[in-house]
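Trainee: Structure: entry-v9.tsv, TSV, C-alpha atoms.
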```tsv
chain	number	residue	atom	x	y	z
A	712	MET	CA	23.04	-31.28	-4.07
A	713	ILE	CA	19.86	-29.91	-2.50
A	714	LYS	CA	19.59	-26.16	-2.04
A	715	TYR	CA	17.32	-25.02	0.74
A	716	LEU	CA	17.85	-21.36	0.00
A	717	ASP	CA	19.14	-19.45	-3.01
A	718	ILE	CA	18.41	-15.71	-3.01
A	719	ARG	CA	20.06	-12.58	-4.35
A	720	ILE	CA	19.59	-9.22	-2.68
A	721	TYR	CA	19.93	-6.04	-4.74
A	722	PRO	CA	19.42	-2.39	-3.81
A	723	SER	CA	16.33	-0.87	-5.36
A	724	GLN	CA	17.08	1.58	-8.12
A	725	SER	CA	14.12	3.77	-8.96
A	726	LEU	CA	15.69	5.44	-11.99
A	727	GLY	CA	16.44	3.23	-14.99
A	728	LYS	CA	18.35	4.08	-18.17
A	729	THR	CA	15.33	5.50	-19.97
A	730	GLY	CA	14.36	7.61	-16.96
A	731	PHE	CA	17.93	8.88	-16.69
A	732	ARG	CA	17.92	9.94	-20.35
A	733	VAL	CA	14.59	11.72	-19.95
A	734	LEU	CA	15.82	13.47	-16.79
A	735	MET	CA	19.02	14.63	-18.52
A	736	LEU	CA	16.94	15.98	-21.43
A	737	VAL	CA	14.75	17.86	-18.93
A	738	PHE	CA	17.93	19.43	-17.50
A	739	MET	CA	19.58	20.05	-20.88
A	740	LEU	CA	16.72	21.79	-22.70
A	741	PRO	CA	16.34	24.76	-20.30
A	742	ALA	CA	20.12	25.00	-19.86
A	743	PHE	CA	20.56	25.10	-23.64
A	744	LEU	CA	17.90	27.79	-24.08
A	745	ILE	CA	19.27	29.88	-21.19
A	746	GLY	CA	22.81	29.50	-22.57
A	747	ILE	CA	21.75	30.69	-26.02
A	748	TYR	CA	19.82	33.62	-24.55
A	749	PHE	CA	22.76	34.84	-22.48
A	750	SER	CA	25.22	34.23	-25.33
A	751	PHE	CA	23.22	36.55	-27.60
A	752	ARG	CA	23.09	39.11	-24.80
A	753	GLY	CA	26.88	39.08	-24.56
A	754	ALA	CA	27.25	36.99	-21.40
A	755	TRP	CA	28.69	33.94	-23.18
A	756	PRO	CA	30.46	32.52	-20.04
A	757	VAL	CA	27.02	31.63	-18.65
A	758	ALA	CA	26.70	28.92	-21.33
A	759	GLY	CA	29.99	27.38	-20.23
A	760	PHE	CA	28.96	27.31	-16.58
A	761	LEU	CA	25.60	25.76	-17.50
A	762	GLY	CA	27.48	23.09	-19.45
A	763	LEU	CA	29.71	22.50	-16.43
A	764	GLU	CA	26.65	22.12	-14.19
A	765	LEU	CA	25.16	19.58	-16.58
A	766	LEU	CA	28.43	17.65	-16.62
A	767	LEU	CA	28.51	17.58	-12.81
A	768	ILE	CA	24.88	16.37	-12.64
A	769	TYR	CA	25.67	13.65	-15.19
A	770	LEU	CA	28.77	12.53	-13.27
A	771	ALA	CA	26.89	12.50	-9.95
A	772	PHE	CA	24.22	10.20	-11.39
A	773	LYS	CA	26.81	7.93	-13.01
A	774	ILE	CA	28.73	7.61	-9.73
A	775	SER	CA	25.46	6.79	-7.99
A	776	PHE	CA	24.64	4.10	-10.58
A	777	ILE	CA	28.09	2.55	-10.25
A	778	SER	CA	27.94	2.48	-6.46
A	779	ASN	CA	24.56	0.71	-6.62
A	780	ARG	CA	26.00	-2.26	-8.54
A	781	VAL	CA	26.21	-4.37	-5.42
A	782	SER	CA	24.42	-7.56	-4.43
A	783	GLU	CA	24.46	-10.32	-1.88
A	784	HIS	CA	23.96	-13.95	-2.83
A	785	ILE	CA	22.83	-16.19	0.02
A	786	THR	CA	22.70	-19.96	-0.43
A	787	LEU	CA	21.99	-22.78	1.98
A	788	ASP	CA	22.83	-26.30	0.91
A	789	GLU	CA	23.18	-29.55	2.82
A	790	LYS	CA	26.36	-28.47	4.62
A	791	ILE	CA	26.76	-24.72	4.78
A	792	LEU	CA	25.14	-21.30	4.50
A	793	LYS	CA	27.18	-19.14	2.17
A	794	ILE	CA	27.01	-15.36	1.80
A	795	CYS	CA	28.77	-13.89	-1.24
A	796	TYR	CA	29.10	-10.12	-1.39
A	797	HIS	CA	29.32	-8.89	-4.99
A	798	LYS	CA	30.40	-5.48	-6.22
A	799	GLN	CA	30.27	-4.68	-9.93
A	800	ASN	CA	29.83	-8.38	-10.84
A	801	LYS	CA	32.88	-9.50	-8.85
A	802	VAL	CA	32.89	-11.45	-5.61
A	803	VAL	CA	34.35	-9.16	-2.96
A	804	ARG	CA	33.95	-11.39	0.08
A	805	THR	CA	32.54	-14.82	0.88
A	806	ILE	CA	31.41	-15.95	4.31
A	807	ASN	CA	30.64	-19.58	5.14
A	808	LEU	CA	28.50	-20.23	8.21
A	809	GLU	CA	27.55	-23.45	9.96
A	810	PRO	CA	23.72	-23.42	9.84
A	811	THR	CA	23.20	-25.52	12.98
A	812	TRP	CA	23.80	-22.63	15.39
A	813	LEU	CA	22.78	-19.80	13.09
A	814	LYS	CA	20.38	-17.12	14.36
A	815	VAL	CA	18.55	-14.60	12.19
A	816	GLN	CA	17.97	-11.32	13.97
A	817	ILE	CA	16.58	-7.93	13.08
A	818	ASN	CA	18.26	-5.69	15.63
A	819	ASN	CA	16.93	-2.28	16.57
A	820	ASN	CA	19.98	-1.27	18.61
A	821	PRO	CA	22.40	0.44	18.11
A	822	ARG	CA	21.23	1.08	14.54
A	823	PRO	CA	17.59	0.57	13.63
A	824	ASP	CA	16.55	-2.35	11.45
A	825	ARG	CA	19.78	-4.28	10.99
A	826	LEU	CA	19.39	-7.76	9.58
A	827	ALA	CA	22.11	-9.93	11.07
A	828	LEU	CA	23.07	-13.59	10.81
A	829	THR	CA	24.78	-14.55	14.05
A	830	SER	CA	26.82	-17.69	14.63
A	831	HIS	CA	29.47	-18.48	17.24
A	832	GLY	CA	29.47	-14.90	18.51
A	833	LYS	CA	30.13	-13.36	15.09
A	834	GLU	CA	27.57	-11.10	13.51
A	835	ASN	CA	27.25	-10.76	9.73
A	836	ILE	CA	25.11	-7.88	8.49
A	837	ILE	CA	23.17	-8.42	5.28
A	838	GLY	CA	20.82	-6.23	3.27
A	839	LYS	CA	22.05	-2.86	4.52
A	840	TYR	CA	20.31	-1.12	1.64
A	841	LEU	CA	16.93	-2.86	2.03
A	842	SER	CA	13.81	-1.23	3.44
A	843	THR	CA	12.31	-2.42	6.72
A	844	GLU	CA	9.65	-4.50	4.97
A	845	GLU	CA	12.20	-6.09	2.62
A	846	ARG	CA	14.46	-6.98	5.57
A	847	THR	CA	11.54	-8.66	7.29
A	848	ILE	CA	10.73	-10.69	4.16
A	849	VAL	CA	14.35	-11.77	3.71
A	850	ALA	CA	14.62	-12.68	7.41
A	851	GLU	CA	11.50	-14.84	7.17
A	852	LYS	CA	12.81	-16.60	4.05
A	853	ILE	CA	16.09	-17.38	5.77
A	854	LYS	CA	14.34	-18.54	8.96
A	855	ASN	CA	12.03	-20.83	6.99
A	856	SER	CA	14.95	-22.26	5.02
A	857	LEU	CA	16.91	-22.90	8.22
A	858	HIS	CA	13.86	-24.58	9.75
A	859	ASN	CA	13.53	-26.84	6.67
A	860	TRP	CA	17.25	-27.57	6.79
A	861	LYS	CA	17.16	-28.52	10.48
A	862	ASN	CA	14.10	-30.75	10.00
A	863	ARG	CA	15.23	-32.39	6.77
A	864	TYR	CA	15.54	-35.86	8.32
A	865	LEU	CA	12.19	-35.80	10.13
```
Please render this file's structure as structure tokens.
Mentor:
Amino acid sequence: MIKYLDIRIYPSQSLGKTGFRVLMLVFMLPAFLIGIYFSFRGAWPVAGFLGLELLLIYLAFKISFISNRVSEHITLDEKILKICYHKQNKVVRTINLEPTWLKVQINNNPRPDRLALTSHGKENIIGKYLSTEERTIVAEKIKNSLHNWKNRYL
């Protein structure tokens, strides 16, 4: 089976595991020193609150990392364009579209820079987390693939 398009879209994540560890060390070192200082001065509850703050920062980053484990897999074969929405390595939703009448649009209204695949009056938004430039690149790839699909017998 010939695939005219096979792309995966991921949100960009600027902070990797090593960067996260370094950032947590940057937070922990001053908190540790401040906690020791105040403990020796008799204000030992400060150390506990600093530890609680560090725990909350750690949890906030972990929740952010977990929520960014999403992707969209778009394929176009000889019969159908398929969009699979993944969350944490599981398929959440799959949409099959007939490519003959499919339109690729970057809408500026009502929300700016929405990449939509429209077919038979239904609009499917893709790449919500992409930048404007990335949406344009993805839209061009899909348009080119649809053009190749429509002209495959010429």
Trainee: Can you pull out the residues contacting range 794-811 of chain A? Cut-off 12 Å, using only C-alpha atoms, and skip same-chain residues under 6 positions away; I want them as a PyMOL selection string.
Mentor: chain A and resi 715-722+776-788+827-839+853-854+856-862
Trainee: Need the axis-aligned box for range 858-865 of chain A with 8 Å each side, so what are the centre and edges in Å to one decimal, as AutoDock Vina command-line options?
Mentor:
```
--center_x 14.7 --center_y -30.2 --center_z 8.6 --size_x 21.1 --size_y 27.3 --size_z 19.8
```
Trainee: Might you pull out every residue within 8 Å of range 759-775 of chain A, with only C-alpha atoms counted and same-chain residues fewer than 6 positions away left off, and present them as a PyMOL selection string?
Mentor: chain A and resi 735+738-739+742-743+746
Trainee: For a test of reading the model, state the distance in Å between CA of Lys793 in chain A and CA of Ser725 in chain A, rounded to one decimal.
Mentor: 28.6 Å
Trainee: With distances taken over all atoms listed in the file, which of A:Arg825, A:Lys790, A:Lys852, A:Lys714 is nearest to Tyr840 in chain A?
Mentor: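 Looking only at the distances to Tyr840 in chain A, the closest residue turns out to be A:Arg825.
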Trainee: Tell me, in Å to one decimal, how far CA of Val849 in chain A is from CA of Asp824 in chain A.
Mentor: 12.4 Å
Trainee: One number please: CA of Leu792 in chain A to CA of Glu845 in chain A, in Å, one decimal.
Mentor: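 Spanning CA of Leu792 in chain A to CA of Glu845 in chain A is a straight-line distance of 20.1 Å.
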Trainee: Excluding Ile745 in chain A and residues on its chain fewer than 4 positions from it, collect all residues at most 8 Å away from it, counting only C-alpha atoms, and give them as a ChimeraX atom specification.
Mentor: /A:741,749,758
